[in-house]
Structure formats: structure tokens, C-alpha cells
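Asker: So here's input-v7.cif (mmCIF, C-alpha atoms).
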```cif
data_data
#
loop_
_atom_site.label_atom_id
_atom_site.label_comp_id
_atom_site.auth_asym_id
_atom_site.auth_seq_id
_atom_site.Cartn_x
_atom_site.Cartn_y
_atom_site.Cartn_z
CA MET A 1 -52.85 -52.44 12.26
CA ARG A 2 -52.49 -48.72 11.75
CA PHE A 3 -54.16 -46.23 14.05
CA VAL A 4 -54.51 -42.48 13.76
CA VAL A 5 -54.30 -40.79 17.14
CA LEU A 6 -55.76 -37.28 17.33
CA ARG A 7 -54.52 -35.26 20.31
CA LYS A 8 -57.19 -32.85 21.45
CA SER A 9 -55.94 -29.35 22.11
CA GLU A 10 -55.79 -27.58 25.43
CA GLU A 11 -55.70 -23.89 26.33
CA TRP A 12 -51.93 -23.89 26.88
CA MET A 13 -51.45 -25.39 23.41
CA GLU A 14 -53.63 -22.69 21.85
CA SER A 15 -51.88 -19.82 23.63
CA GLY A 16 -49.12 -19.59 21.04
CA ALA A 17 -46.50 -19.49 23.81
CA PRO A 18 -43.51 -21.73 23.21
CA PRO A 19 -43.67 -25.01 25.14
CA ASP A 20 -41.34 -25.68 28.04
CA PRO A 21 -37.94 -26.80 26.64
CA GLN A 22 -37.93 -29.77 29.04
CA LEU A 23 -41.29 -30.89 27.65
CA VAL A 24 -40.00 -30.54 24.09
CA ALA A 25 -36.96 -32.68 24.97
CA ALA A 26 -39.20 -35.29 26.64
CA MET A 27 -41.45 -35.39 23.56
CA GLN A 28 -38.43 -35.90 21.30
CA ARG A 29 -37.24 -38.80 23.48
CA TYR A 30 -40.76 -40.29 23.45
CA ASP A 31 -41.01 -40.01 19.65
CA ASP A 32 -37.54 -41.56 19.29
CA GLU A 33 -38.57 -44.43 21.56
CA MET A 34 -41.65 -45.12 19.43
CA ARG A 35 -39.55 -44.96 16.22
CA LYS A 36 -37.00 -47.41 17.64
CA ALA A 37 -39.84 -49.75 18.66
CA GLY A 38 -41.13 -49.59 15.08
CA VAL A 39 -44.58 -48.28 16.01
CA LEU A 40 -44.38 -44.61 14.98
CA VAL A 41 -45.26 -44.11 11.32
CA ALA A 42 -45.70 -40.32 11.51
CA VAL A 43 -46.16 -37.55 14.04
CA GLU A 44 -47.22 -33.97 13.43
CA ARG A 45 -47.87 -31.30 16.01
CA LEU A 46 -50.09 -28.49 14.84
CA GLN A 47 -49.84 -24.73 15.21
CA PRO A 48 -52.52 -22.99 17.31
CA SER A 49 -55.91 -22.41 15.71
CA SER A 50 -55.09 -18.69 15.48
CA ASN A 51 -53.16 -19.71 12.33
CA ALA A 52 -55.94 -21.95 10.99
CA THR A 53 -58.81 -21.60 8.55
CA ARG A 54 -61.98 -23.67 8.41
CA LEU A 55 -63.51 -24.43 5.04
CA HIS A 56 -67.28 -24.94 5.01
CA ILE A 57 -68.97 -26.43 1.94
CA SER A 58 -72.73 -26.65 1.67
CA GLY A 59 -75.05 -26.85 -1.31
CA GLY A 60 -72.20 -26.40 -3.76
CA LYS A 61 -71.04 -23.17 -2.11
CA SER A 62 -68.09 -22.65 0.17
CA HIS A 63 -66.84 -20.09 2.65
CA THR A 64 -63.92 -19.86 5.03
CA VAL A 65 -63.59 -18.79 8.64
CA ASP A 66 -60.22 -17.81 10.04
CA GLY A 67 -59.14 -18.77 13.56
CA PRO A 68 -58.64 -18.59 16.41
CA PHE A 69 -61.43 -20.93 17.39
CA THR A 70 -62.75 -20.79 20.93
CA GLU A 71 -63.67 -24.40 21.74
CA SER A 72 -60.22 -25.83 22.45
CA SER A 73 -61.73 -29.18 23.47
CA GLU A 74 -62.92 -29.61 19.86
CA LEU A 75 -59.57 -28.68 18.31
CA ILE A 76 -56.77 -31.01 17.30
CA ALA A 77 -53.26 -30.25 18.57
CA GLY A 78 -51.45 -33.09 16.83
CA VAL A 79 -51.67 -36.32 14.92
CA ASN A 80 -49.75 -39.57 15.37
CA ILE A 81 -49.97 -42.56 13.06
CA LEU A 82 -49.02 -45.77 14.81
CA GLU A 83 -48.43 -49.28 13.45
CA VAL A 84 -49.26 -51.63 16.30
CA ALA A 85 -50.85 -55.03 16.85
CA SER A 86 -54.01 -53.76 18.55
CA LYS A 87 -55.97 -50.77 19.78
CA GLU A 88 -54.88 -51.69 23.30
CA GLU A 89 -51.24 -51.31 22.28
CA ALA A 90 -51.97 -47.89 20.75
CA ILE A 91 -53.66 -46.85 24.00
CA ALA A 92 -50.71 -48.08 26.04
CA TRP A 93 -48.27 -46.01 23.94
CA MET A 94 -50.38 -42.86 24.23
CA LYS A 95 -50.65 -43.21 28.02
CA ARG A 96 -46.86 -42.80 28.10
CA CYS A 97 -46.97 -39.44 26.27
CA PRO A 98 -45.02 -36.79 28.26
CA THR A 99 -47.87 -34.27 27.91
CA CYS A 100 -50.07 -36.70 29.88
CA GLN A 101 -47.90 -37.04 32.95
CA GLY A 102 -48.76 -35.48 36.30
CA ASP A 103 -51.69 -35.23 38.64
CA ASN A 104 -53.07 -32.00 37.14
CA VAL A 105 -53.15 -33.15 33.52
CA GLU A 106 -56.38 -33.19 31.54
CA ALA A 107 -55.68 -34.79 28.17
CA GLN A 108 -57.85 -36.37 25.53
CA PHE A 109 -56.94 -38.50 22.53
CA GLU A 110 -59.12 -39.97 19.83
CA ILE A 111 -57.71 -43.30 18.60
CA ARG A 112 -59.12 -44.59 15.33
CA ALA A 113 -58.17 -47.55 13.20
CA VAL A 114 -57.24 -46.79 9.60
CA LEU A 115 -59.46 -48.40 6.99
CA GLU A 116 -57.31 -51.03 5.31
CA PRO A 117 -58.25 -52.82 2.06
#
```
Written as C-alpha cells, how would this file's structure read?
Answerer:
Amino acid sequence: MRFVVLRKSEEWMESGAPPDPQLVAAMQRYDDEMRKAGVLVAVERLQPSSNATRLHISGGKSHTVDGPFTESSELIAGVNILEVASKEEAIAWMKRCPTCQGDNVEAQFEIRAVLEP
């Protein structure tokens, strides 16, 4: 089964400051581990919302709003696509994410199965 995992953003991710080099190295090792295990289909980390645009379409008309957007808890910081046997396995992999380690971490993921024919 394939799952899309949406990593909710946090203030530090929206700040635009470069991440700690040790965290970047840990994330690279984590991604490599998932690739070697055959579960990581794709991973993309997103730029802060200050570089984003929202497109609104209503009644046949559209308009755009440029970031930054203030509600970081509603923003997406990254996307993983996993190929695993179950939702429980996807959850287990995401619990190991280096950005989720430590007593002071507040992290949120949305894990959704991909519609398959």
C-alpha cells in the first residue's frame, strides 16, 4: 500500500533560517535507511510559506494570495510517499523521523492512503 505523509509545519520551519547541519545529516541518514528498506518512494521538503502562493477558485473566478501565511499548524513542511504493508508500518516509520526526537518536540503528520485502482 502507498501512503502520503504530510508533515505539518512548525515555526522554526517557517523562519527561513537554515536547519541545524546535524539535523540535516540525520534526515539524510533516515531517508537513506527508508530507501534501503524499500519503503521510501519519494520525499520532498518544502520552502517556507513566505515563498508560496495560494490559488483560490470560486464561481469560475480565481485570485492568488502570496505568503507568508500565519497559521503554521495548517501549513505543510514536507511530503513523503511510502510503500508499506499497512498504515501501522507507515506510522512506525514516521515515529523514527529525526525531527520528532526529544522531549520538547511538537510534531504532527497526516498519513493518508493513496487511492489505488
Asker: Using all atoms listed in the file, find each residue in stretch 44-63 of chain A having at least one atom no more than 12 Å away from stretch 77-80 of chain A; report its shortest atom-to-atom pair and that distance in Å (one decimal), rows by chain then rising number, as CSV.
Answerer:
```
residue,atom,partner,partner_atom,distance
A:Glu44,CA,A:Val79,CA,5.2
A:Arg45,CA,A:Gly78,CA,4.1
A:Leu46,CA,A:Gly78,CA,5.2
A:Gln47,CA,A:Ala77,CA,7.3
A:Pro48,CA,A:Ala77,CA,7.4
A:Ser49,CA,A:Ala77,CA,8.8
A:Ala52,CA,A:Ala77,CA,11.6
```
Asker: Those selected residues, please, written with C-alpha atoms and delivered as an mmCIF file, in the coordinates of the input.
Answerer:
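Here's the written file out.cif:
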```
data_model
loop_
_atom_site.group_PDB
_atom_site.id
_atom_site.type_symbol
_atom_site.label_atom_id
_atom_site.label_comp_id
_atom_site.auth_asym_id
_atom_site.auth_seq_id
_atom_site.Cartn_x
_atom_site.Cartn_y
_atom_site.Cartn_z
ATOM 1 C CA GLU A 44 -47.220 -33.970 13.430
ATOM 2 C CA ARG A 45 -47.870 -31.300 16.010
ATOM 3 C CA LEU A 46 -50.090 -28.490 14.840
ATOM 4 C CA GLN A 47 -49.840 -24.730 15.210
ATOM 5 C CA PRO A 48 -52.520 -22.990 17.310
ATOM 6 C CA SER A 49 -55.910 -22.410 15.710
ATOM 7 C CA ALA A 52 -55.940 -21.950 10.990
#
```
Asker: What residues come out when you apply the PyMOL selection byres ((chain A and resi 68) around 12) to this file, written as a PDB file with C-alpha atoms, in the coordinates of the input?
Answerer:
```pdb
ATOM      1  CA  GLU A  11     -55.700 -23.890  26.330  1.00  0.00           C
ATOM      2  CA  GLU A  14     -53.630 -22.690  21.850  1.00  0.00           C
ATOM      3  CA  SER A  15     -51.880 -19.820  23.630  1.00  0.00           C
ATOM      4  CA  GLY A  16     -49.120 -19.590  21.040  1.00  0.00           C
ATOM      5  CA  GLN A  47     -49.840 -24.730  15.210  1.00  0.00           C
ATOM      6  CA  PRO A  48     -52.520 -22.990  17.310  1.00  0.00           C
ATOM      7  CA  SER A  49     -55.910 -22.410  15.710  1.00  0.00           C
ATOM      8  CA  SER A  50     -55.090 -18.690  15.480  1.00  0.00           C
ATOM      9  CA  ASN A  51     -53.160 -19.710  12.330  1.00  0.00           C
ATOM     10  CA  ALA A  52     -55.940 -21.950  10.990  1.00  0.00           C
ATOM     11  CA  THR A  53     -58.810 -21.600   8.550  1.00  0.00           C
ATOM     12  CA  ARG A  54     -61.980 -23.670   8.410  1.00  0.00           C
ATOM     13  CA  VAL A  65     -63.590 -18.790   8.640  1.00  0.00           C
ATOM     14  CA  ASP A  66     -60.220 -17.810  10.040  1.00  0.00           C
ATOM     15  CA  GLY A  67     -59.140 -18.770  13.560  1.00  0.00           C
ATOM     16  CA  PHE A  69     -61.430 -20.930  17.390  1.00  0.00           C
ATOM     17  CA  THR A  70     -62.750 -20.790  20.930  1.00  0.00           C
ATOM     18  CA  GLU A  71     -63.670 -24.400  21.740  1.00  0.00           C
ATOM     19  CA  SER A  72     -60.220 -25.830  22.450  1.00  0.00           C
ATOM     20  CA  LEU A  75     -59.570 -28.680  18.310  1.00  0.00           C
TER      21      LEU A  75
END
```
Asker: Can you pull out the residues contacting A:Met34? Cut-off 12 Å, using all atoms listed in the file, and skip same-chain residues under 5 positions away; I want them as a PDB file with C-alpha atoms, in the coordinates of the input.
Answerer:
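Final output, result_31.pdb:
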```
ATOM      1  CA  MET A  27     -41.450 -35.390  23.560  1.00  0.00           C
ATOM      2  CA  GLN A  28     -38.430 -35.900  21.300  1.00  0.00           C
ATOM      3  CA  ARG A  29     -37.240 -38.800  23.480  1.00  0.00           C
ATOM      4  CA  VAL A  39     -44.580 -48.280  16.010  1.00  0.00           C
ATOM      5  CA  LEU A  40     -44.380 -44.610  14.980  1.00  0.00           C
ATOM      6  CA  VAL A  41     -45.260 -44.110  11.320  1.00  0.00           C
ATOM      7  CA  ALA A  42     -45.700 -40.320  11.510  1.00  0.00           C
ATOM      8  CA  VAL A  43     -46.160 -37.550  14.040  1.00  0.00           C
ATOM      9  CA  ASN A  80     -49.750 -39.570  15.370  1.00  0.00           C
ATOM     10  CA  ILE A  81     -49.970 -42.560  13.060  1.00  0.00           C
ATOM     11  CA  LEU A  82     -49.020 -45.770  14.810  1.00  0.00           C
ATOM     12  CA  GLU A  83     -48.430 -49.280  13.450  1.00  0.00           C
ATOM     13  CA  VAL A  84     -49.260 -51.630  16.300  1.00  0.00           C
ATOM     14  CA  GLU A  89     -51.240 -51.310  22.280  1.00  0.00           C
ATOM     15  CA  ALA A  90     -51.970 -47.890  20.750  1.00  0.00           C
ATOM     16  CA  ALA A  92     -50.710 -48.080  26.040  1.00  0.00           C
ATOM     17  CA  TRP A  93     -48.270 -46.010  23.940  1.00  0.00           C
ATOM     18  CA  MET A  94     -50.380 -42.860  24.230  1.00  0.00           C
ATOM     19  CA  ARG A  96     -46.860 -42.800  28.100  1.00  0.00           C
ATOM     20  CA  CYS A  97     -46.970 -39.440  26.270  1.00  0.00           C
TER      21      CYS A  97
END
```
Asker: Taking 4 positions as the minimum chain separation for residues in the same chain, which residues sit within 9 Å of A:Phe109 when counting all atoms listed in the file? Answer as JSON, numbers by chain.
Answerer: {"A": [5, 6, 7, 8, 94]}
Asker: Starting from the PyMOL selection byres ((chain A and resi 112-115) around 8), expand the selection into actual residues of this file and give them as an mmCIF file with C-alpha atoms, keeping the file's coordinate frame.
Answerer:
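That gives us selection39.cif:
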```
data_model
loop_
_atom_site.group_PDB
_atom_site.id
_atom_site.type_symbol
_atom_site.label_atom_id
_atom_site.label_comp_id
_atom_site.auth_asym_id
_atom_site.auth_seq_id
_atom_site.Cartn_x
_atom_site.Cartn_y
_atom_site.Cartn_z
ATOM 1 C CA MET A 1 -52.850 -52.440 12.260
ATOM 2 C CA ARG A 2 -52.490 -48.720 11.750
ATOM 3 C CA PHE A 3 -54.160 -46.230 14.050
ATOM 4 C CA VAL A 4 -54.510 -42.480 13.760
ATOM 5 C CA VAL A 5 -54.300 -40.790 17.140
ATOM 6 C CA LYS A 87 -55.970 -50.770 19.780
ATOM 7 C CA GLU A 110 -59.120 -39.970 19.830
ATOM 8 C CA ILE A 111 -57.710 -43.300 18.600
ATOM 9 C CA GLU A 116 -57.310 -51.030 5.310
ATOM 10 C CA PRO A 117 -58.250 -52.820 2.060
#
```
Asker: List as a ChimeraX atom specification the residues having at least one atom at most 9 Å from position (-45.5, -25.6, 26.9) as given in the file, counting all atoms listed in the file.
Answerer: /A:12-13,17-24
Asker: Please measure the separation of atom CA of A:Ala26 and atom CA of A:Pro98, giving the value in Å to one decimal.
Answerer: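 Here the two named atoms are 6.2 Å from each other.
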Asker: Output as AutoDock Vina command-line options the centre and edge lengths (Å, one decimal) of the box along x, y and z of the file that holds every listed atom of stretch 98-103 of chain A after adding 4 Å on each side.
Answerer:
```
--center_x -48.4 --center_y -35.7 --center_z 33.3 --size_x 14.7 --size_y 10.8 --size_z 18.7
```
Asker: At what distance in Å, to one decimal, does atom CA of A:Thr64 lie from atom CA of A:Gln108?
Answerer: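 Straight-line distance from atom CA of A:Gln108 to atom CA of A:Thr64 works out to 27.0 Å.
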Asker: Work out how far atom CA of A:Ile76 is from atom CA of A:Ala37, in Å to one decimal.
Answerer: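 Separation of atom CA of A:Ala37 and atom CA of A:Ile76: 25.3 Å.
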